Each structure stands twice: as C-alpha cells, then as structure tokens.
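**Student:** Sharing upload_9.cif here; it has mmCIF, C-alpha atoms.
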data_model
#
loop_
_atom_site.group_PDB
_atom_site.id
_atom_site.type_symbol
_atom_site.label_atom_id
_atom_site.label_comp_id
_atom_site.auth_asym_id
_atom_site.auth_seq_id
_atom_site.Cartn_x
_atom_site.Cartn_y
_atom_site.Cartn_z
ATOM 1 C CA MET A 1 -26.261 -5.031 20.851
ATOM 2 C CA GLY A 2 -30.031 -5.085 20.873
ATOM 3 C CA ALA A 3 -30.675 -2.134 18.568
ATOM 4 C CA GLY A 4 -34.360 -1.640 17.862
ATOM 5 C CA GLN A 5 -33.688 -0.544 14.308
ATOM 6 C CA VAL A 6 -30.640 -0.099 12.085
ATOM 7 C CA ILE A 7 -30.859 1.794 8.791
ATOM 8 C CA MET A 8 -28.150 1.022 6.236
ATOM 9 C CA GLY A 9 -27.682 3.692 3.580
ATOM 10 C CA VAL A 10 -26.027 2.051 0.579
ATOM 11 C CA ARG A 11 -25.083 2.941 -2.976
ATOM 12 C CA ASN A 12 -25.753 -0.601 -4.201
ATOM 13 C CA THR A 13 -28.963 -1.980 -2.696
ATOM 14 C CA SER A 14 -28.217 -5.519 -3.886
ATOM 15 C CA SER A 15 -24.955 -5.532 -1.929
ATOM 16 C CA GLY A 16 -26.768 -3.931 0.989
ATOM 17 C CA GLU A 17 -29.359 -6.705 1.071
ATOM 18 C CA LYS A 18 -26.569 -9.301 1.071
ATOM 19 C CA ALA A 19 -24.918 -7.547 4.012
ATOM 20 C CA LYS A 20 -28.265 -7.426 5.814
ATOM 21 C CA ALA A 21 -28.750 -11.172 5.310
ATOM 22 C CA THR A 22 -25.247 -11.895 6.602
ATOM 23 C CA ILE A 23 -25.801 -9.808 9.733
ATOM 24 C CA GLU A 24 -29.163 -11.459 10.382
ATOM 25 C CA SER A 25 -27.606 -14.893 9.954
ATOM 26 C CA GLN A 26 -24.671 -14.178 12.261
ATOM 27 C CA THR A 27 -26.562 -12.317 14.993
ATOM 28 C CA GLY A 28 -29.970 -13.963 14.874
ATOM 29 C CA CYS A 29 -31.670 -10.560 14.938
ATOM 30 C CA SER A 30 -35.204 -10.172 13.647
ATOM 31 C CA LYS A 31 -35.577 -9.469 9.941
ATOM 32 C CA SER A 32 -37.451 -6.299 10.880
ATOM 33 C CA VAL A 33 -34.450 -4.711 12.637
ATOM 34 C CA ILE A 34 -32.302 -3.828 9.602
ATOM 35 C CA GLN A 35 -33.561 -1.769 6.690
ATOM 36 C CA VAL A 36 -31.629 -1.048 3.492
ATOM 37 C CA TRP A 37 -32.142 2.373 1.915
ATOM 38 C CA HIS A 38 -30.495 3.757 -1.200
ATOM 39 C CA MET A 39 -28.057 6.672 -1.064
ATOM 40 C CA ASP A 40 -25.044 7.639 -3.182
ATOM 41 C CA LEU A 41 -22.786 10.331 -1.723
ATOM 42 C CA SER A 42 -21.588 11.286 -5.192
ATOM 43 C CA LYS A 43 -25.189 12.228 -6.068
ATOM 44 C CA LEU A 44 -26.304 14.881 -3.607
ATOM 45 C CA GLU A 45 -29.971 14.600 -4.551
ATOM 46 C CA THR A 46 -29.951 11.036 -3.156
ATOM 47 C CA VAL A 47 -28.385 12.318 0.068
ATOM 48 C CA LYS A 48 -31.251 14.757 0.514
ATOM 49 C CA SER A 49 -33.842 12.053 -0.221
ATOM 50 C CA PHE A 50 -32.172 9.738 2.299
ATOM 51 C CA VAL A 51 -32.196 12.384 5.024
ATOM 52 C CA GLU A 52 -35.848 13.198 4.330
ATOM 53 C CA LYS A 53 -36.668 9.523 4.952
ATOM 54 C CA ILE A 54 -34.676 9.613 8.190
ATOM 55 C CA LYS A 55 -36.771 12.557 9.339
ATOM 56 C CA GLY A 56 -39.793 10.287 9.160
ATOM 57 C CA LEU A 57 -38.432 8.020 11.900
ATOM 58 C CA ASP A 58 -39.805 8.293 15.436
ATOM 59 C CA ARG A 59 -36.347 8.364 17.005
ATOM 60 C CA VAL A 60 -32.703 8.443 15.920
ATOM 61 C CA ASP A 61 -30.040 7.772 18.564
ATOM 62 C CA GLY A 62 -26.927 8.080 16.415
ATOM 63 C CA ILE A 63 -25.524 8.372 12.911
ATOM 64 C CA VAL A 64 -22.392 6.734 11.490
ATOM 65 C CA GLU A 65 -21.134 8.192 8.202
ATOM 66 C CA ASN A 66 -18.994 5.316 7.016
ATOM 67 C CA ALA A 67 -19.011 5.601 3.214
ATOM 68 C CA ALA A 68 -15.789 6.530 1.414
ATOM 69 C CA VAL A 69 -13.859 5.732 -1.753
ATOM 70 C CA ALA A 70 -10.172 5.351 -2.597
ATOM 71 C CA MET A 71 -9.711 5.803 -6.323
ATOM 72 C CA GLY A 72 -7.076 4.465 -8.677
ATOM 73 C CA GLU A 73 -7.952 6.768 -11.547
ATOM 74 C CA TRP A 74 -9.359 10.252 -11.974
ATOM 75 C CA ILE A 75 -13.158 10.049 -12.300
ATOM 76 C CA VAL A 76 -15.554 13.003 -12.215
ATOM 77 C CA PRO A 77 -19.062 11.836 -11.191
ATOM 78 C CA ASN A 78 -20.742 15.192 -11.822
ATOM 79 C CA LYS A 79 -19.561 17.154 -14.840
ATOM 80 C CA ASN A 80 -21.328 20.287 -13.575
ATOM 81 C CA ASP A 81 -18.937 20.844 -10.668
ATOM 82 C CA GLY A 82 -15.923 18.921 -11.994
ATOM 83 C CA LEU A 83 -14.960 17.458 -8.621
ATOM 84 C CA GLU A 84 -12.922 14.259 -8.608
ATOM 85 C CA MET A 85 -14.738 11.277 -7.062
ATOM 86 C CA SER A 86 -12.864 11.065 -3.739
ATOM 87 C CA VAL A 87 -13.415 14.787 -3.098
ATOM 88 C CA ALA A 88 -17.068 14.553 -4.172
ATOM 89 C CA VAL A 89 -17.777 11.569 -1.891
ATOM 90 C CA ASN A 90 -15.336 11.807 1.018
ATOM 91 C CA VAL A 91 -15.631 15.575 1.419
ATOM 92 C CA VAL A 92 -18.692 17.249 -0.121
ATOM 93 C CA GLY A 93 -21.185 14.367 0.057
ATOM 94 C CA THR A 94 -20.181 13.423 3.597
ATOM 95 C CA ILE A 95 -20.411 17.026 4.786
ATOM 96 C CA TYR A 96 -23.771 17.593 3.079
ATOM 97 C CA MET A 97 -25.294 14.631 4.868
ATOM 98 C CA ALA A 98 -24.062 15.878 8.258
ATOM 99 C CA VAL A 99 -25.288 19.401 7.524
ATOM 100 C CA LEU A 100 -28.790 18.180 6.679
ATOM 101 C CA LEU A 101 -28.933 15.943 9.745
ATOM 102 C CA ILE A 102 -27.694 18.316 12.442
ATOM 103 C CA PRO A 103 -30.864 20.474 12.788
ATOM 104 C CA PHE A 104 -33.044 17.346 12.853
ATOM 105 C CA LEU A 105 -30.842 15.589 15.426
ATOM 106 C CA ARG A 106 -30.726 18.765 17.525
ATOM 107 C CA ALA A 107 -34.522 18.740 17.730
ATOM 108 C CA MET A 108 -34.540 14.986 18.376
ATOM 109 C CA GLY A 109 -32.057 15.386 21.221
ATOM 110 C CA LYS A 110 -34.074 18.164 22.843
ATOM 111 C CA GLN A 111 -37.191 16.029 22.637
ATOM 112 C CA HIS A 112 -35.536 13.138 24.482
ATOM 113 C CA GLY A 113 -33.108 15.073 26.673
ATOM 114 C CA VAL A 114 -29.920 13.661 25.118
ATOM 115 C CA ASP A 115 -26.986 14.719 22.968
ATOM 116 C CA VAL A 116 -27.085 12.859 19.646
ATOM 117 C CA PRO A 117 -23.796 11.731 18.023
ATOM 118 C CA ILE A 118 -22.729 11.856 14.392
ATOM 119 C CA THR A 119 -19.631 9.697 14.015
ATOM 120 C CA ILE A 120 -17.818 10.491 10.791
ATOM 121 C CA ILE A 121 -15.306 7.941 9.617
ATOM 122 C CA GLY A 122 -12.038 9.609 8.851
ATOM 123 C CA SER A 123 -8.561 8.186 8.853
ATOM 124 C CA ILE A 124 -5.244 8.782 10.543
ATOM 125 C CA VAL A 125 -3.861 9.260 7.027
ATOM 126 C CA ALA A 126 -5.588 12.661 7.104
ATOM 127 C CA LEU A 127 -2.752 13.678 9.434
ATOM 128 C CA SER A 128 -0.002 12.055 7.379
ATOM 129 C CA PRO A 129 2.933 13.310 5.276
ATOM 130 C CA GLU A 130 1.002 12.064 2.226
ATOM 131 C CA ALA A 131 -1.844 14.460 3.007
ATOM 132 C CA LYS A 132 0.664 17.235 3.700
ATOM 133 C CA SER A 133 2.281 16.756 0.287
ATOM 134 C CA CYS A 134 -1.029 17.800 -1.304
ATOM 135 C CA TYR A 135 -1.724 20.510 1.264
ATOM 136 C CA ASP A 136 1.637 22.102 0.474
ATOM 137 C CA LYS A 137 0.732 22.212 -3.231
ATOM 138 C CA LEU A 138 -2.583 24.032 -2.773
ATOM 139 C CA GLY A 139 -2.777 27.435 -4.403
ATOM 140 C CA SER A 140 -4.079 30.587 -2.748
ATOM 141 C CA GLY A 141 -7.332 30.666 -4.724
ATOM 142 C CA SER A 142 -10.386 28.408 -4.642
ATOM 143 C CA ILE A 143 -9.624 25.081 -2.957
ATOM 144 C CA LEU A 144 -12.428 23.185 -4.684
ATOM 145 C CA GLY A 145 -11.424 24.724 -7.992
ATOM 146 C CA ASP A 146 -7.789 23.831 -7.394
ATOM 147 C CA VAL A 147 -8.417 20.165 -6.532
ATOM 148 C CA ALA A 148 -10.520 19.758 -9.708
ATOM 149 C CA ASP A 149 -7.405 20.355 -11.845
ATOM 150 C CA GLU A 150 -6.494 16.867 -13.068
ATOM 151 C CA ALA A 151 -3.292 17.932 -14.809
ATOM 152 C CA LYS A 152 -1.961 19.551 -11.640
ATOM 153 C CA TRP A 153 -2.771 16.683 -9.305
ATOM 154 C CA GLU A 154 -2.089 13.626 -11.459
ATOM 155 C CA PRO A 155 1.508 13.275 -10.136
ATOM 156 C CA LEU A 156 0.173 13.240 -6.556
ATOM 157 C CA PHE A 157 -3.076 11.369 -7.204
ATOM 158 C CA HIS A 158 -1.850 8.392 -5.148
ATOM 159 C CA ASN A 159 -2.134 10.732 -2.121
ATOM 160 C CA PHE A 160 -5.635 11.989 -2.893
ATOM 161 C CA TYR A 161 -7.407 9.633 -0.467
ATOM 162 C CA PRO A 162 -5.389 10.947 2.510
ATOM 163 C CA PHE A 163 -5.858 14.476 1.181
ATOM 164 C CA SER A 164 -9.631 14.061 0.913
ATOM 165 C CA LYS A 165 -9.750 12.949 4.548
ATOM 166 C CA PHE A 166 -7.579 15.925 5.486
ATOM 167 C CA LEU A 167 -10.022 18.321 3.791
ATOM 168 C CA LEU A 168 -12.919 16.603 5.562
ATOM 169 C CA TYR A 169 -11.212 16.928 8.945
ATOM 170 C CA MET A 170 -10.384 20.607 8.410
ATOM 171 C CA PHE A 171 -14.031 21.382 7.598
ATOM 172 C CA LEU A 172 -15.314 19.385 10.578
ATOM 173 C CA ARG A 173 -12.947 21.194 12.911
ATOM 174 C CA GLU A 174 -14.466 24.489 11.780
ATOM 175 C CA LEU A 175 -17.974 23.065 12.078
ATOM 176 C CA THR A 176 -17.502 21.802 15.628
ATOM 177 C CA ASN A 177 -15.887 25.068 16.723
ATOM 178 C CA ARG A 178 -19.053 26.846 15.569
ATOM 179 C CA THR A 179 -21.486 24.334 17.108
ATOM 180 C CA PRO A 180 -20.549 23.573 20.740
ATOM 181 C CA VAL A 181 -22.443 20.612 22.172
ATOM 182 C CA THR A 182 -23.688 22.692 25.096
ATOM 183 C CA LYS A 183 -25.681 24.770 22.623
ATOM 184 C CA SER A 184 -26.240 22.478 19.643
ATOM 185 C CA GLY A 185 -26.908 19.171 21.418
ATOM 186 C CA VAL A 186 -25.176 17.288 18.581
ATOM 187 C CA ILE A 187 -21.788 15.573 18.970
ATOM 188 C CA VAL A 188 -19.628 15.301 15.847
ATOM 189 C CA ASN A 189 -16.399 13.307 15.986
ATOM 190 C CA PHE A 190 -13.813 11.999 13.512
ATOM 191 C CA VAL A 191 -13.014 8.294 13.904
ATOM 192 C CA SER A 192 -10.113 6.381 12.396
ATOM 193 C CA PRO A 193 -11.019 2.661 12.305
ATOM 194 C CA GLY A 194 -7.614 1.642 10.964
ATOM 195 C CA ILE A 195 -6.991 -0.338 7.789
ATOM 196 C CA CYS A 196 -9.728 -2.969 7.540
ATOM 197 C CA SER A 197 -10.605 -5.843 5.229
ATOM 198 C CA THR A 198 -13.363 -4.062 3.339
ATOM 199 C CA GLU A 199 -13.926 -2.987 -0.256
ATOM 200 C CA LEU A 200 -12.651 0.556 0.297
ATOM 201 C CA ASP A 201 -10.025 0.016 -2.396
ATOM 202 C CA ARG A 202 -12.323 -1.688 -4.917
ATOM 203 C CA ASN A 203 -11.675 1.194 -7.338
ATOM 204 C CA ALA A 204 -8.000 1.583 -6.484
ATOM 205 C CA HIS A 205 -5.515 0.353 -9.056
ATOM 206 C CA GLY A 206 -1.839 0.988 -9.614
ATOM 207 C CA PRO A 207 0.102 2.718 -6.793
ATOM 208 C CA VAL A 208 -2.999 3.433 -4.685
ATOM 209 C CA GLY A 209 -4.175 -0.173 -4.798
ATOM 210 C CA ARG A 210 -0.712 -1.489 -3.988
ATOM 211 C CA GLN A 211 -0.381 0.865 -1.016
ATOM 212 C CA VAL A 212 -3.710 -0.223 0.469
ATOM 213 C CA LYS A 213 -3.086 -3.937 -0.092
ATOM 214 C CA MET A 214 0.379 -3.747 1.464
ATOM 215 C CA ALA A 215 -0.941 -1.881 4.499
ATOM 216 C CA ARG A 216 -3.713 -4.438 4.911
ATOM 217 C CA MET A 217 -1.217 -7.315 4.769
ATOM 218 C CA ILE A 218 0.940 -5.727 7.459
ATOM 219 C CA MET A 219 -1.636 -4.385 9.908
ATOM 220 C CA GLY A 220 -5.101 -5.100 8.530
ATOM 221 C CA ARG A 221 -8.093 -5.641 10.785
ATOM 222 C CA THR A 222 -11.304 -7.488 10.158
ATOM 223 C CA ALA A 223 -14.320 -5.309 9.448
ATOM 224 C CA GLU A 224 -15.779 -6.431 12.785
ATOM 225 C CA MET A 225 -12.682 -5.250 14.656
ATOM 226 C CA GLY A 226 -12.818 -1.912 12.874
ATOM 227 C CA SER A 227 -16.511 -1.547 13.669
ATOM 228 C CA ARG A 228 -15.719 -1.429 17.387
ATOM 229 C CA THR A 229 -14.146 1.981 16.847
ATOM 230 C CA LEU A 230 -17.350 3.177 15.180
ATOM 231 C CA LEU A 231 -19.425 2.104 18.172
ATOM 232 C CA HIS A 232 -16.936 3.819 20.458
ATOM 233 C CA GLY A 233 -17.458 7.000 18.456
ATOM 234 C CA LEU A 234 -21.194 6.799 19.083
ATOM 235 C CA ALA A 235 -20.662 6.260 22.813
ATOM 236 C CA ALA A 236 -17.694 8.591 23.397
ATOM 237 C CA GLY A 237 -19.780 11.492 24.679
ATOM 238 C CA SER A 238 -19.538 15.248 24.429
ATOM 239 C CA GLU A 239 -15.818 15.315 25.238
ATOM 240 C CA SER A 240 -15.210 13.739 21.812
ATOM 241 C CA HIS A 241 -16.837 16.651 19.935
ATOM 242 C CA GLY A 242 -14.501 17.807 17.182
ATOM 243 C CA LYS A 243 -11.855 15.305 18.212
ATOM 244 C CA VAL A 244 -9.866 12.597 16.441
ATOM 245 C CA LEU A 245 -10.662 9.128 17.798
ATOM 246 C CA SER A 246 -8.575 6.004 17.224
ATOM 247 C CA GLU A 247 -8.169 2.635 18.958
ATOM 248 C CA CYS A 248 -11.369 3.407 20.910
ATOM 249 C CA GLU A 249 -9.723 6.423 22.545
ATOM 250 C CA ILE A 250 -9.743 10.178 22.029
ATOM 251 C CA LYS A 251 -6.391 10.897 20.404
ATOM 252 C CA ASP A 252 -6.493 14.523 19.380
ATOM 253 C CA TYR A 253 -2.803 14.736 20.264
ATOM 254 C CA PHE A 254 -2.203 12.879 16.987
ATOM 255 C CA VAL A 255 -2.961 16.104 15.091
ATOM 256 C CA PRO A 256 0.453 17.436 13.969
ATOM 257 C CA ASP A 257 1.650 20.994 14.504
ATOM 258 C CA TRP A 258 1.462 21.796 10.796
ATOM 259 C CA MET A 259 -2.316 21.336 10.987
ATOM 260 C CA LYS A 260 -2.611 23.791 13.877
ATOM 261 C CA ASP A 261 -0.472 26.731 12.782
ATOM 262 C CA GLU A 262 -1.693 30.048 11.376
ATOM 263 C CA LYS A 263 -1.575 28.849 7.768
ATOM 264 C CA ALA A 264 -3.661 25.759 8.584
ATOM 265 C CA LEU A 265 -6.225 27.782 10.528
ATOM 266 C CA ALA A 266 -6.618 30.109 7.552
ATOM 267 C CA MET A 267 -6.971 27.131 5.236
ATOM 268 C CA GLY A 268 -9.669 25.684 7.530
ATOM 269 C CA SER A 269 -11.621 28.921 7.241
ATOM 270 C CA ARG A 270 -11.268 28.803 3.455
ATOM 271 C CA ILE A 271 -12.575 25.245 3.100
ATOM 272 C CA TRP A 272 -15.427 26.094 5.491
ATOM 273 C CA GLU A 273 -16.438 29.115 3.438
ATOM 274 C CA GLU A 274 -16.143 27.331 0.094
ATOM 275 C CA VAL A 275 -18.046 24.171 0.970
ATOM 276 C CA SER A 276 -20.654 26.187 2.873
ATOM 277 C CA ALA A 277 -21.190 28.428 -0.153
ATOM 278 C CA LYS A 278 -21.461 25.407 -2.447
ATOM 279 C CA LEU A 279 -24.061 23.742 -0.229
ATOM 280 C CA GLU A 280 -25.989 26.982 0.272
ATOM 281 C CA GLN A 281 -26.187 27.393 -3.489
ATOM 282 C CA LEU A 282 -27.448 23.830 -3.822
ATOM 283 C CA ASP A 283 -29.806 23.941 -0.843
ATOM 284 C CA PRO A 284 -30.469 27.519 0.354
ATOM 285 C CA GLY A 285 -30.630 27.868 4.129
ATOM 286 C CA CYS A 286 -28.984 24.542 4.953
ATOM 287 C CA MET A 287 -25.830 26.047 6.483
ATOM 288 C CA GLU A 288 -27.739 28.772 8.292
ATOM 289 C CA ALA A 289 -29.849 26.079 9.959
ATOM 290 C CA VAL A 290 -26.682 24.410 11.250
ATOM 291 C CA VAL A 291 -24.965 27.401 12.846
ATOM 292 C CA ASN A 292 -27.987 29.426 14.007
ATOM 293 C CA PHE A 293 -29.578 27.835 17.063
#
How does this structure look as structure tokens?
**Tutor:**
Amino acid sequence: MGAGQVIMGVRNTSSGEKAKATIESQTGCSKSVIQVWHMDLSKLETVKSFVEKIKGLDRVDGIVENAAVAMGEWIVPNKNDGLEMSVAVNVVGTIYMAVLLIPFLRAMGKQHGVDVPITIIGSIVALSPEAKSCYDKLGSGSILGDVADEAKWEPLFHNFYPFSKFLLYMFLRELTNRTPVTKSGVIVNFVSPGICSTELDRNAHGPVGRQVKMARMIMGRTAEMGSRTLLHGLAAGSESHGKVLSECEIKDYFVPDWMKDEKALAMGSRIWEEVSAKLEQLDPGCMEAVVNF
C-alpha cells in the first residue's frame, strides 16, 4: 500500500526477521521500509522501551496492537503480580501500550491536523457465551486478584481466551468514553479479524487447542484476509471510536444486552479502576496523561 515505514514489534526477533523477509519478497518493497523491534507484552518494561523508540519517529500515522496469546495451560510470566499469561498479555500489556501511546499520538495528530488511530485486535468471542461463563463467576472483590486464582478458574480455563478479550473490551469501552475523539484526537477501536491461520494457538493444547483448530477448519481465513480487517480499523475514522468492528464494518450491535446492563457497567468501572491503579503504580502519571487533555 506504499507505506513509507512499517515498524513490527515482536517478541521473537528471529521470527520477526523471517516475516520481514517474506513480506519484502512478496511485495517487492524496499528493505528499508520494514523495521523489526523487540517487545514482549508479558514484560511491561519492554513495552515502555518500545514506546520510547516510537516517540523518536518523525511521524506515526497509525498503530495496530495485534499481539495476543491463547494458552493451553496456566502459566504466570511474572511471579510478582501472579497474573496468568493471557490476562497479562491480552489485557494488561495491551492496555499499557495504548496508554503510553495515546498522549504521544494526540500531540502527533495536532501537529499534522489529523486524528490518529489505534486499532486493537479483539475478537467476537469477547461477546460470546464462553466469555459470559467466566464473567458470571467473577466475585465482588478485586477482578485482577480473582482471575489470578488458578484453583478457581482451572475448570473454565478453556474459556480464558474469550474472557481475556472480554476484559480488554470492557476496559477500552471505559477508556473511549473518557477520551472522545473531538477532544483527544486519538481513535481507539476494537477489531475482530475472525479466526485466521496464524500461530495464535501455538501454546494451546487440550480443549483450547482443539477448539481453535476445529474453528479454523470450519471457517478459517488466511492471515492476509484477516489483515484486511486491521487496515479497515485504521481507516474507519472517528465514528469507529470505542466500537466493535468485524468484516470491515462497524458492528457495535453485536454487543449483547448482558454487556450493557447495570451490572456490566459497574464491572467496566471496576476493571478501569483496577488496571488504571496497577499501571499508575508501575508508571506514575501514565493514566493521568491519558484522561487529562
């Protein structure tokens, strides 16, 4: 599409370089267009380092947060907070990156007279009965503390990927309500690319792995087909702010009633407060910079 520069943030730089070579081979783009930078969403210090490098660029026209994991077993990447991997990556790491980027993109947009998009890759499964089965089991106390309880969640662990995307969506809905595009100049949307032939399930074994493989057999897309929805997210404009996008359309009507009732609204406020407090403790002032403009 003639991009002047594309930055790929990857956990495994060797795999990233292979992907870069494949893209260059298939598109014929210059070897100077794509750069591969290291970042691991389960390690928040690498997220901050990645964003600091981004801030050194002359211009950024859009961000796609595409990284996610679907796990087949309970793994805790950081013993200090005890969060399971899919929550650490799909929720906290993804949100932290967006939070750090928004003030920078706001300034970038003002400089060039444009609204800058952050397209966050979600999933329609965030709105599914599988996600609801976990939502219904949440206690009334700390959400992040609750979902770190392996013994409690082991029977429903096969639904943790949908649940992680549900938690992400609920936070983003709160975020976008607090940061209207007319004031913030940054568009944040939630894109479902569908089930694609990628390595999302590389860590998924047992029931989770079987679910993903079966879904891919029935209705799987190529990664290239799925990527069209990502580009649509970048181009969808301010009307997509805070919305669910799927099939290259805004489909916020997909959000079920149980995610819009009084209980769900209260839960959204809880996850906003908890994740915000966690990130403020890690990086004082980061949340204040997002909502005060």
**Student:** Just give me the residues with any atom within 6 Å of (-1.5, 13.9, 11.7), file coordinates, counting all atoms listed in the file, written as a list in words.
**Tutor:**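 The answer, in the requested form, is Leu127, Ser128, Phe254, Val255 and Pro256 of chain A.
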**Student:** Residue by residue, what does the PyMOL selection byres ((chain A and resi 274) around 12) grab here? Present the result as a PDB file with C-alpha atoms, keeping the file's coordinate frame.
**Tutor:**
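File written: result-v6.pdb
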ATOM      1  CA  VAL A  91     -15.631  15.575   1.419  1.00  0.00           C
ATOM      2  CA  VAL A  92     -18.692  17.249  -0.121  1.00  0.00           C
ATOM      3  CA  GLY A 141      -7.332  30.666  -4.724  1.00  0.00           C
ATOM      4  CA  SER A 142     -10.386  28.408  -4.642  1.00  0.00           C
ATOM      5  CA  ILE A 143      -9.624  25.081  -2.957  1.00  0.00           C
ATOM      6  CA  LEU A 144     -12.428  23.185  -4.684  1.00  0.00           C
ATOM      7  CA  GLY A 145     -11.424  24.724  -7.992  1.00  0.00           C
ATOM      8  CA  ASP A 146      -7.789  23.831  -7.394  1.00  0.00           C
ATOM      9  CA  LEU A 167     -10.022  18.321   3.791  1.00  0.00           C
ATOM     10  CA  PHE A 171     -14.031  21.382   7.598  1.00  0.00           C
ATOM     11  CA  MET A 267      -6.971  27.131   5.236  1.00  0.00           C
ATOM     12  CA  GLY A 268      -9.669  25.684   7.530  1.00  0.00           C
ATOM     13  CA  SER A 269     -11.621  28.921   7.241  1.00  0.00           C
ATOM     14  CA  ARG A 270     -11.268  28.803   3.455  1.00  0.00           C
ATOM     15  CA  ILE A 271     -12.575  25.245   3.100  1.00  0.00           C
ATOM     16  CA  TRP A 272     -15.427  26.094   5.491  1.00  0.00           C
ATOM     17  CA  GLU A 273     -16.438  29.115   3.438  1.00  0.00           C
ATOM     18  CA  VAL A 275     -18.046  24.171   0.970  1.00  0.00           C
ATOM     19  CA  SER A 276     -20.654  26.187   2.873  1.00  0.00           C
ATOM     20  CA  ALA A 277     -21.190  28.428  -0.153  1.00  0.00           C
ATOM     21  CA  LYS A 278     -21.461  25.407  -2.447  1.00  0.00           C
ATOM     22  CA  LEU A 279     -24.061  23.742  -0.229  1.00  0.00           C
ATOM     23  CA  GLU A 280     -25.989  26.982   0.272  1.00  0.00           C
ATOM     24  CA  GLN A 281     -26.187  27.393  -3.489  1.00  0.00           C
ATOM     25  CA  MET A 287     -25.830  26.047   6.483  1.00  0.00           C
TER      26      MET A 287
END
**Student:** Which residue gives the smallest distance to Ile95 (chain A) among A:His232, A:His241, A:Lys251, A:Lys48, with all atoms listed in the file counted?
**Tutor:**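 Smallest separation from Ile95 (chain A) among the options: A:Lys48.
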**Student:** Could you tell me which of A:Ile120, A:Met170, A:Met39, A:Met225 comes closest to Tyr135 (chain A) if we count all atoms listed in the file?
**Tutor:**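 Using all atoms listed in the file, the shortest distance to Tyr135 (chain A) belongs to A:Met170.
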**Student:** List the residues matched by the PyMOL selection byres ((chain A and resi 176) around 10) in the displayed structure as a PyMOL selection string, ordered by chain and then by residue number.
**Tutor:** chain A and resi 171-175+177-181+184+186-189+241-243+291
**Student:** Run through the PyMOL selection byres ((chain A and resi 156) around 12) on the given coordinates and return the selected residues as a ChimeraX atom specification.
**Tutor:** /A:72-74,130-138,147,149-155,157-163,207-208
**Student:** Which is closest to Phe293 (chain A) among A:Ile102, A:Ile34, A:Ile118, A:Ala266, if we use all atoms listed in the file?
**Tutor:**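 Of the candidates, the smallest distance to Phe293 (chain A) is held by A:Ile102.
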**Student:** Have a look at CA of Gln35 (chain A) and CA of Met8 (chain A) and let me know their distance in Å, one decimal.
**Tutor:**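 So the two atoms, CA of Gln35 (chain A) and CA of Met8 (chain A), lie 6.1 Å apart.
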**Student:** Which one of A:Lys165, A:His38, A:Lys55, A:Lys31 sits closest to Thr94 (chain A) if you count only C-alpha atoms?
**Tutor:**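 Among the listed residues, the smallest separation from Thr94 (chain A) belongs to A:Lys165.
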**Student:** Given all atoms listed in the file as the basis, pick out the residue of A:Asp61, A:Asp81, A:Glu24, A:Glu249 nearest to Arg106 (chain A).
**Tutor:**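 Among the listed residues, the smallest separation from Arg106 (chain A) belongs to A:Asp61.
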**Student:** Have a look at CA of Thr229 (chain A) and CA of Ser192 (chain A) and let me know their distance in Å, one decimal.
**Tutor:**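 Result for CA of Thr229 (chain A) versus CA of Ser192 (chain A): 7.4 Å, one decimal.
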**Student:** Considering all atoms listed in the file, can you say which of A:Ala3, A:Val36, A:Val64, A:Val290 comes closest to Ser15 (chain A)?
**Tutor:**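 Nearest to Ser15 (chain A): A:Val36.
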**Student:** Which distance in Å separates CA of Ala70 (chain A) and CA of Leu83 (chain A), to one decimal?
**Tutor:**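 Computed distance, CA of Ala70 (chain A) to CA of Leu83 (chain A), equals 14.3 Å.
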